[in-house]
Amino acid sequence: MPKVLISDKLSPAAVEIFRSRGIEVDIKTGLSPADLRAIIGEYDGLAIRSATKVTKELLDVAANLKVVGRAGIGVDNVDVRSATARGVVVMNTPLGNTITTAEHAIAMMFALARQLPEASASTKAGKWEKNRFMGVELTAKVLGLIGCGNIGSIVADRAVGLKMRVLAYDPYLSEKRALELGVEKADLDAILARADFITLHTPLTESTRNILSRETLSRTKKGVRIINCARGGLVDEEALADLIKSGHIAGAALDVFEVEPAKESPLFALENVVCTPHLGASTAEAQENVALQVAEQMSDFLLTGAVTNAINMASVSAEDAPRLKPYLDLCKSLGAFAGQLTQAREGMLRKVTIEYEGQAAHLNTKPLTAAMLAGLVSPMMEGVNMVNAGVMAREHGIEVAETVHDRPTEYLTLVRVTVETDKMTRSVAGTLFAGQRPRIVEIKGIKVEADFARYMLYVTNQDKPGFIGRFGVTLAEHGINIATFHLGRAAQGGDAICLVSVDEPVPEAVLATVRGLPLVVQATGLAF
Ligand SMILES: NC(=O)c1ccc[n+]([C@@H]2O[C@H](COP(=O)([O-])OP(=O)(O)OC[C@H]3O[C@@H](n4cnc5c(N)ncnc54)[C@H](O)[C@@H]3O)[C@@H](O)[C@H]2O)c1
Ligand SMILES: O=C(O)[C@H](O)COP(=O)(O)O
């Protein structure tokens with residue numbers, strides 16, 4: 001039974017889902033990195049929010065970990081690169097808290113415009129300072145959005161409802177989408193120059209880090225108010241504090257900070273600054289949504305192989321997962337077959353072409369290609385699986401091409417892999433027998449029909465009398481029992497192949513003897 005650790009505060013809905021799906025779950029929040037490292041080896045899944053840091057050091061000792069599920073959006077607390085390298089799927093819940101976070105940004109805008117926190121504190125202190133708190137109206141003001149994805153779009157929608165004019169800066173925002181949202185597509189300079197309020201809704205990346213820097217902040221319209229409910233690090237906090245003190249910026253509302261938990265900041269002492277402790281996603285509704293979603297997604301993955309909302313792997317829907325399962329086995333085995341032959345012949349792998357024909361051409365081929373690559377490169381690289389095979393292949397300079405054929409095929413369904421090295425090109429094709437059982441049907445264009453077996457021996461030879469007898473006797477002399485025996489040839493008297501399944505691995509010394517037999521071109525032992 002898979003075992004999952006919940007290491008941040010998640011709605012109890014998650015626990016219920018895991019348990020109802022038969023997954024063992026432990027809840028241990030607030031662990032130190034060392035304590036988490038000490039126990040992570042026990043778990044197949046780790047469910048987190050933003051507090052747990054999934055570092056390379058943690059992943060290095062997470063021997064059984066298969067999936068990290070982020071109940072929320074941002075995965076900047078996860079070393080996705082290291083997770084991918086270790087073959088761990090990282091998934092998030094991209095829509096569960098978007099409305100709640102957009103509402104927090106709007107709430108922050110109102111709080112800033114009317115100085116609600118200070119007014120409330122002053123009133124509760126019995127001061128009744130009616131003349132101190134003069135606000136500004138939002139109607140007809142310009143709101144500048146930096147980032148107009150899921151959350152930015154909802155903020156835009158609400159702001160349009162408030163009769164604000166909305167400018168949006170987002171390199172991926174199309175004119176059509178801007179029109180639909182009722183926003184004006186703008187560049188960053190236009191936002192800096194024209195916006196009365198600027199709100200950030202991008203992830204923290206190399207291109208967005210410090211997007212509101214001292215330099216860009218100093219080019220904002222005088223009296224602008226800044227809202228950040230996205231990520232700390234998007235705004236230079238020190239520069240922001242200086243420009244508020246100088247009177248150029250009228251105020252700021254921050255839910256996120258460069259260092260969290262934020263215990264001190266030059267901004268905390270300022271009147272026109274509203275701060276919340278990363279509460280953007282903190283509503284009962286959003287937390288229920290993300291907890292349910294992450295638990296469903298992680299359970300589906302651990303129990304059925306379905307992949308939803310993964311950052312580092314192609315999706316496999318719950319509906320597709322059972323249909324793809326035999327194909328994943330077929331592709332992994334075909335890849336392993338081609339990979340073991342290629343390794344044996346010591347050519348540098350340059351290019352892999354994967355062709356899908358018949359029923360296979362109508363499937364979600366991305367995971368199938370990933371499984372094929374995993375099988376193919378695993379004889380050459382350690383720790384490869386479907387998550388990291390593509391990255392590993394790319395890192396080793398292997399070009400990967402995928403072709404889907406819409407043409408009649410002899411088989412109901414067919415997958416072919418062609419491997420090019422600097423010495424040769426070789427292809428292997430397979431089908432599913434009775435829709436379930438992976439079967440090899442072609443090697444190097446030569447027809448052959450064989451099931452995959454745990455141990456196999458692949459021999460190429462000249463099609464002349466005498467080979468089969470000597471080969472059988474050689475194996476018998478070494479006590480190797482042949483379970484199945486399959487032959488194929490390109491033409492009478494031409495190149496021939498022989499694929500046998502055996503009950504145990506064929507020792508290298510026996511392979512050497514087989515290679516020395518008359519008519520044998522090469523012999524390779526295979527394990528699946
Ligand atoms: N405060 C919170 O509790 C809270 C809650 C949820 C999400 N968030 C954060 O909000 C951010 C946005 O979330 P989302 O769901 O809208 O993500 P999203 O991926 O739907 O949208 C992000 C948008 O940013 C745009 N973008 C990327 N680089 C950009 C750049 N250099 N300049 C301008 N735009 C750029 C993208 O094109 C995309 O449209 C994330 O970082 C997320 O972690 C915070
Ligand atoms: O990216 C997110 O989803 C938000 O930052 C929410 O973070 P939290 O789950 O820690 O509240």
# chains A, B, ... in the order shown; residues from 1 in each chain; ligands from 1
call {"tool": "residues_near_ligand", "arguments": {"ligand": "ligand 1", "cutoff": "9 Å", "atoms": "only C-alpha atoms and all ligand atoms", "output": "JSON, numbers by chain"}}
result
{"A": [50, 72, 73, 74, 75, 76, 94, 95, 96, 97, 98, 99, 100, 101, 102, 104, 105, 145, 146, 147, 148, 149, 150, 151, 152, 153, 154, 168, 169, 170, 171, 172, 173, 187, 188, 200, 201, 202, 203, 204, 205, 206, 207, 208, 209, 211, 228, 229, 230, 231, 254, 255, 256, 277, 278, 279, 280, 281, 282]}
call {"tool": "select_by_dssp", "arguments": {"residues": "segment 122-160 of chain A", "states": "helix (DSSP H, G or I)", "output": "ChimeraX atom specification"}}
result
/A:122-124,150-160
call {"tool": "residues_around", "arguments": {"residues": "Glu180 of chain A", "least_positions_apart": "3", "cutoff": "12 Å", "atoms": "only C-alpha atoms", "output": "list of chain:residue names"}}
result
A:Ser153, A:Ala156, A:Asp157, A:Val160, A:Leu173, A:Ser174, A:Glu175, A:Lys176, A:Arg177, A:Val183, A:Glu184, A:Lys185
call {"tool": "closest_atom_pairs", "arguments": {"of": "segment 221-319 of chain A", "to": "segment 107-121 of chain A", "cutoff": "7 Å", "atoms": "only C-alpha atoms", "output": "Markdown table"}}
result
| residue | atom | partner | partner_atom | distance |
| --- | --- | --- | --- | --- |
| A:Ile227 | CA | A:Met109 | CA | 6.9 |
| A:Gly251 | CA | A:Leu112 | CA | 6.8 |
| A:Ala252 | CA | A:Leu112 | CA | 6.9 |
| A:Ala253 | CA | A:Met108 | CA | 5.9 |
| A:Val274 | CA | A:Leu112 | CA | 6.8 |
call {"tool": "atom_distance", "arguments": {"atom1": "atom CA of Gly335 of chain A", "atom2": "atom CA of Met372 of chain A"}}
result
4.7 Å
call {"tool": "closest_residue", "arguments": {"among": "A:Val4, A:Ala450, A:Glu395, A:Asp503", "to": "Asn64 of chain A", "atoms": "only C-alpha atoms"}}
result
A:Val4
call {"tool": "closest_residue", "arguments": {"among": "A:Asp8, A:Glu449, A:Glu382, A:Asp60", "to": "ligand 2", "atoms": "only C-alpha atoms and all ligand atoms"}}
result
A:Asp8
call {"tool": "select_by_dssp", "arguments": {"residues": "segment 342-429 of chain A", "states": "strand (DSSP E)", "output": "JSON, numbers by chain"}}
result
{"A": [349, 350, 351, 352, 353, 354, 355, 356, 357, 358, 399, 400, 401, 402, 403, 404, 413, 414, 415, 416, 417, 418, 419, 420, 421, 425, 426, 427, 428, 429]}
call {"tool": "write_last_selection", "arguments": {"atoms": "N, CA and C atoms", "output": "PDB file, in the first residue's frame"}}
result
ATOM      1  N   LEU A 349      24.597   6.896 -29.263  1.00  0.00           N
ATOM      2  CA  LEU A 349      23.206   7.100 -29.643  1.00  0.00           C
ATOM      3  C   LEU A 349      23.017   8.552 -30.071  1.00  0.00           C
ATOM      4  N   ARG A 350      22.507   8.782 -31.282  1.00  0.00           N
ATOM      5  CA  ARG A 350      22.342  10.149 -31.803  1.00  0.00           C
ATOM      6  C   ARG A 350      20.873  10.552 -31.925  1.00  0.00           C
ATOM      7  N   LYS A 351      20.082   9.610 -32.438  1.00  0.00           N
ATOM      8  CA  LYS A 351      18.691   9.978 -32.719  1.00  0.00           C
ATOM      9  C   LYS A 351      17.748   8.799 -32.468  1.00  0.00           C
ATOM     10  N   VAL A 352      16.590   9.105 -31.933  1.00  0.00           N
ATOM     11  CA  VAL A 352      15.573   8.080 -31.710  1.00  0.00           C
ATOM     12  C   VAL A 352      14.293   8.556 -32.395  1.00  0.00           C
ATOM     13  N   THR A 353      13.730   7.727 -33.253  1.00  0.00           N
ATOM     14  CA  THR A 353      12.462   8.082 -33.897  1.00  0.00           C
ATOM     15  C   THR A 353      11.425   7.061 -33.464  1.00  0.00           C
ATOM     16  N   ILE A 354      10.323   7.543 -32.966  1.00  0.00           N
ATOM     17  CA  ILE A 354       9.272   6.632 -32.503  1.00  0.00           C
ATOM     18  C   ILE A 354       8.054   6.838 -33.396  1.00  0.00           C
ATOM     19  N   GLU A 355       7.575   5.746 -33.982  1.00  0.00           N
ATOM     20  CA  GLU A 355       6.426   5.830 -34.893  1.00  0.00           C
ATOM     21  C   GLU A 355       5.230   5.102 -34.280  1.00  0.00           C
ATOM     22  N   TYR A 356       4.076   5.713 -34.399  1.00  0.00           N
ATOM     23  CA  TYR A 356       2.838   5.113 -33.902  1.00  0.00           C
ATOM     24  C   TYR A 356       1.904   4.890 -35.086  1.00  0.00           C
ATOM     25  N   GLU A 357       1.386   3.685 -35.217  1.00  0.00           N
ATOM     26  CA  GLU A 357       0.499   3.364 -36.339  1.00  0.00           C
ATOM     27  C   GLU A 357      -0.737   2.639 -35.837  1.00  0.00           C
ATOM     28  N   GLY A 358      -1.809   2.675 -36.646  1.00  0.00           N
ATOM     29  CA  GLY A 358      -3.042   1.976 -36.271  1.00  0.00           C
ATOM     30  C   GLY A 358      -3.627   2.605 -35.018  1.00  0.00           C
ATOM     31  N   GLU A 399      18.669  13.215 -30.093  1.00  0.00           N
ATOM     32  CA  GLU A 399      17.506  13.870 -30.699  1.00  0.00           C
ATOM     33  C   GLU A 399      16.326  12.886 -30.665  1.00  0.00           C
ATOM     34  N   VAL A 400      15.172  13.393 -30.280  1.00  0.00           N
ATOM     35  CA  VAL A 400      14.004  12.508 -30.201  1.00  0.00           C
ATOM     36  C   VAL A 400      12.930  13.009 -31.166  1.00  0.00           C
ATOM     37  N   ALA A 401      12.466  12.123 -32.049  1.00  0.00           N
ATOM     38  CA  ALA A 401      11.406  12.514 -32.988  1.00  0.00           C
ATOM     39  C   ALA A 401      10.238  11.547 -32.832  1.00  0.00           C
ATOM     40  N   GLU A 402       9.035  12.097 -32.963  1.00  0.00           N
ATOM     41  CA  GLU A 402       7.842  11.264 -32.805  1.00  0.00           C
ATOM     42  C   GLU A 402       6.994  11.401 -34.067  1.00  0.00           C
ATOM     43  N   THR A 403       6.573  10.297 -34.667  1.00  0.00           N
ATOM     44  CA  THR A 403       5.734  10.376 -35.871  1.00  0.00           C
ATOM     45  C   THR A 403       4.476   9.551 -35.658  1.00  0.00           C
ATOM     46  N   VAL A 404       3.358  10.148 -36.015  1.00  0.00           N
ATOM     47  CA  VAL A 404       2.083   9.438 -35.925  1.00  0.00           C
ATOM     48  C   VAL A 404       1.607   9.198 -37.353  1.00  0.00           C
ATOM     49  N   THR A 413      -2.474  -2.388 -34.265  1.00  0.00           N
ATOM     50  CA  THR A 413      -1.756  -1.322 -33.585  1.00  0.00           C
ATOM     51  C   THR A 413      -0.264  -1.635 -33.641  1.00  0.00           C
ATOM     52  N   LEU A 414       0.545  -0.602 -33.831  1.00  0.00           N
ATOM     53  CA  LEU A 414       1.982  -0.858 -33.994  1.00  0.00           C
ATOM     54  C   LEU A 414       2.794   0.317 -33.475  1.00  0.00           C
ATOM     55  N   VAL A 415       3.869  -0.005 -32.763  1.00  0.00           N
ATOM     56  CA  VAL A 415       4.826   1.023 -32.333  1.00  0.00           C
ATOM     57  C   VAL A 415       6.199   0.587 -32.828  1.00  0.00           C
ATOM     58  N   ARG A 416       6.898   1.520 -33.472  1.00  0.00           N
ATOM     59  CA  ARG A 416       8.235   1.184 -33.965  1.00  0.00           C
ATOM     60  C   ARG A 416       9.241   2.199 -33.422  1.00  0.00           C
ATOM     61  N   VAL A 417      10.377   1.702 -32.967  1.00  0.00           N
ATOM     62  CA  VAL A 417      11.447   2.621 -32.544  1.00  0.00           C
ATOM     63  C   VAL A 417      12.648   2.407 -33.459  1.00  0.00           C
ATOM     64  N   THR A 418      13.187   3.520 -33.963  1.00  0.00           N
ATOM     65  CA  THR A 418      14.376   3.456 -34.812  1.00  0.00           C
ATOM     66  C   THR A 418      15.485   4.232 -34.120  1.00  0.00           C
ATOM     67  N   VAL A 419      16.579   3.549 -33.935  1.00  0.00           N
ATOM     68  CA  VAL A 419      17.695   4.132 -33.200  1.00  0.00           C
ATOM     69  C   VAL A 419      18.842   4.376 -34.171  1.00  0.00           C
ATOM     70  N   GLU A 420      19.352   5.600 -34.154  1.00  0.00           N
ATOM     71  CA  GLU A 420      20.511   5.888 -35.012  1.00  0.00           C
ATOM     72  C   GLU A 420      21.716   6.177 -34.139  1.00  0.00           C
ATOM     73  N   THR A 421      22.792   5.462 -34.394  1.00  0.00           N
ATOM     74  CA  THR A 421      24.044   5.748 -33.696  1.00  0.00           C
ATOM     75  C   THR A 421      25.030   6.240 -34.750  1.00  0.00           C
ATOM     76  N   THR A 425      21.931   2.185 -38.028  1.00  0.00           N
ATOM     77  CA  THR A 425      20.517   2.478 -37.770  1.00  0.00           C
ATOM     78  C   THR A 425      19.806   1.144 -37.606  1.00  0.00           C
ATOM     79  N   ARG A 426      18.963   1.043 -36.555  1.00  0.00           N
ATOM     80  CA  ARG A 426      18.272  -0.218 -36.318  1.00  0.00           C
ATOM     81  C   ARG A 426      16.858   0.074 -35.827  1.00  0.00           C
ATOM     82  N   SER A 427      15.897  -0.713 -36.269  1.00  0.00           N
ATOM     83  CA  SER A 427      14.545  -0.471 -35.754  1.00  0.00           C
ATOM     84  C   SER A 427      13.944  -1.756 -35.184  1.00  0.00           C
ATOM     85  N   VAL A 428      13.073  -1.581 -34.238  1.00  0.00           N
ATOM     86  CA  VAL A 428      12.351  -2.695 -33.618  1.00  0.00           C
ATOM     87  C   VAL A 428      10.888  -2.260 -33.518  1.00  0.00           C
ATOM     88  N   ALA A 429       9.970  -3.159 -33.879  1.00  0.00           N
ATOM     89  CA  ALA A 429       8.558  -2.790 -33.791  1.00  0.00           C
ATOM     90  C   ALA A 429       7.801  -3.826 -32.976  1.00  0.00           C
TER      91      ALA A 429
END
call {"tool": "residues_around", "arguments": {"residues": "Ile468 of chain A", "least_positions_apart": "2", "cutoff": "12 Å", "atoms": "only C-alpha atoms", "output": "PyMOL selection string"}}
result
chain A and resi 459-466+470-475+485-487+496-500+514+517-520
call {"tool": "atom_distance", "arguments": {"atom1": "atom CA of His478 of chain A", "atom2": "atom CA of Val521 of chain A"}}
result
20.4 Å
call {"tool": "atom_distance", "arguments": {"atom1": "atom CA of Leu328 of chain A", "atom2": "atom CA of Asn385 of chain A"}}
result
11.7 Å
call {"tool": "closest_residue", "arguments": {"among": "A:Val88, A:Val290, A:Val54, A:Leu181", "to": "ligand 2", "atoms": "only C-alpha atoms and all ligand atoms"}}
result
A:Val290
call {"tool": "residues_around", "arguments": {"residues": "Val235 of chain A", "least_positions_apart": "6", "cutoff": "7 Å", "atoms": "only C-alpha atoms", "output": "compact mmCIF listing (two decimals) with C-alpha atoms, in the first residue's frame"}}
result
# COMPACT_ATOMS: atom_id res chain seq x y z
CA ASN A 210 12.82 42.18 -9.14
CA ILE A 211 10.52 43.17 -11.99
CA LEU A 212 9.63 46.11 -9.73
CA SER A 213 13.22 47.09 -8.98
call {"tool": "closest_residue", "arguments": {"among": "A:Ala291, A:Val166, A:Ala250, A:Ala374", "to": "Glu271 of chain A", "atoms": "only C-alpha atoms"}}
result
A:Ala250
call {"tool": "closest_residue", "arguments": {"among": "A:Glu215, A:Glu260, A:Asp422, A:Glu57", "to": "ligand 2", "atoms": "only C-alpha atoms and all ligand atoms"}}
result
A:Glu260
call {"tool": "residues_around", "arguments": {"residues": "segment 505-512 of chain A", "least_positions_apart": "4", "cutoff": "7 Å", "atoms": "only C-alpha atoms", "output": "ChimeraX atom specification"}}
result
/A:455,516,523-525
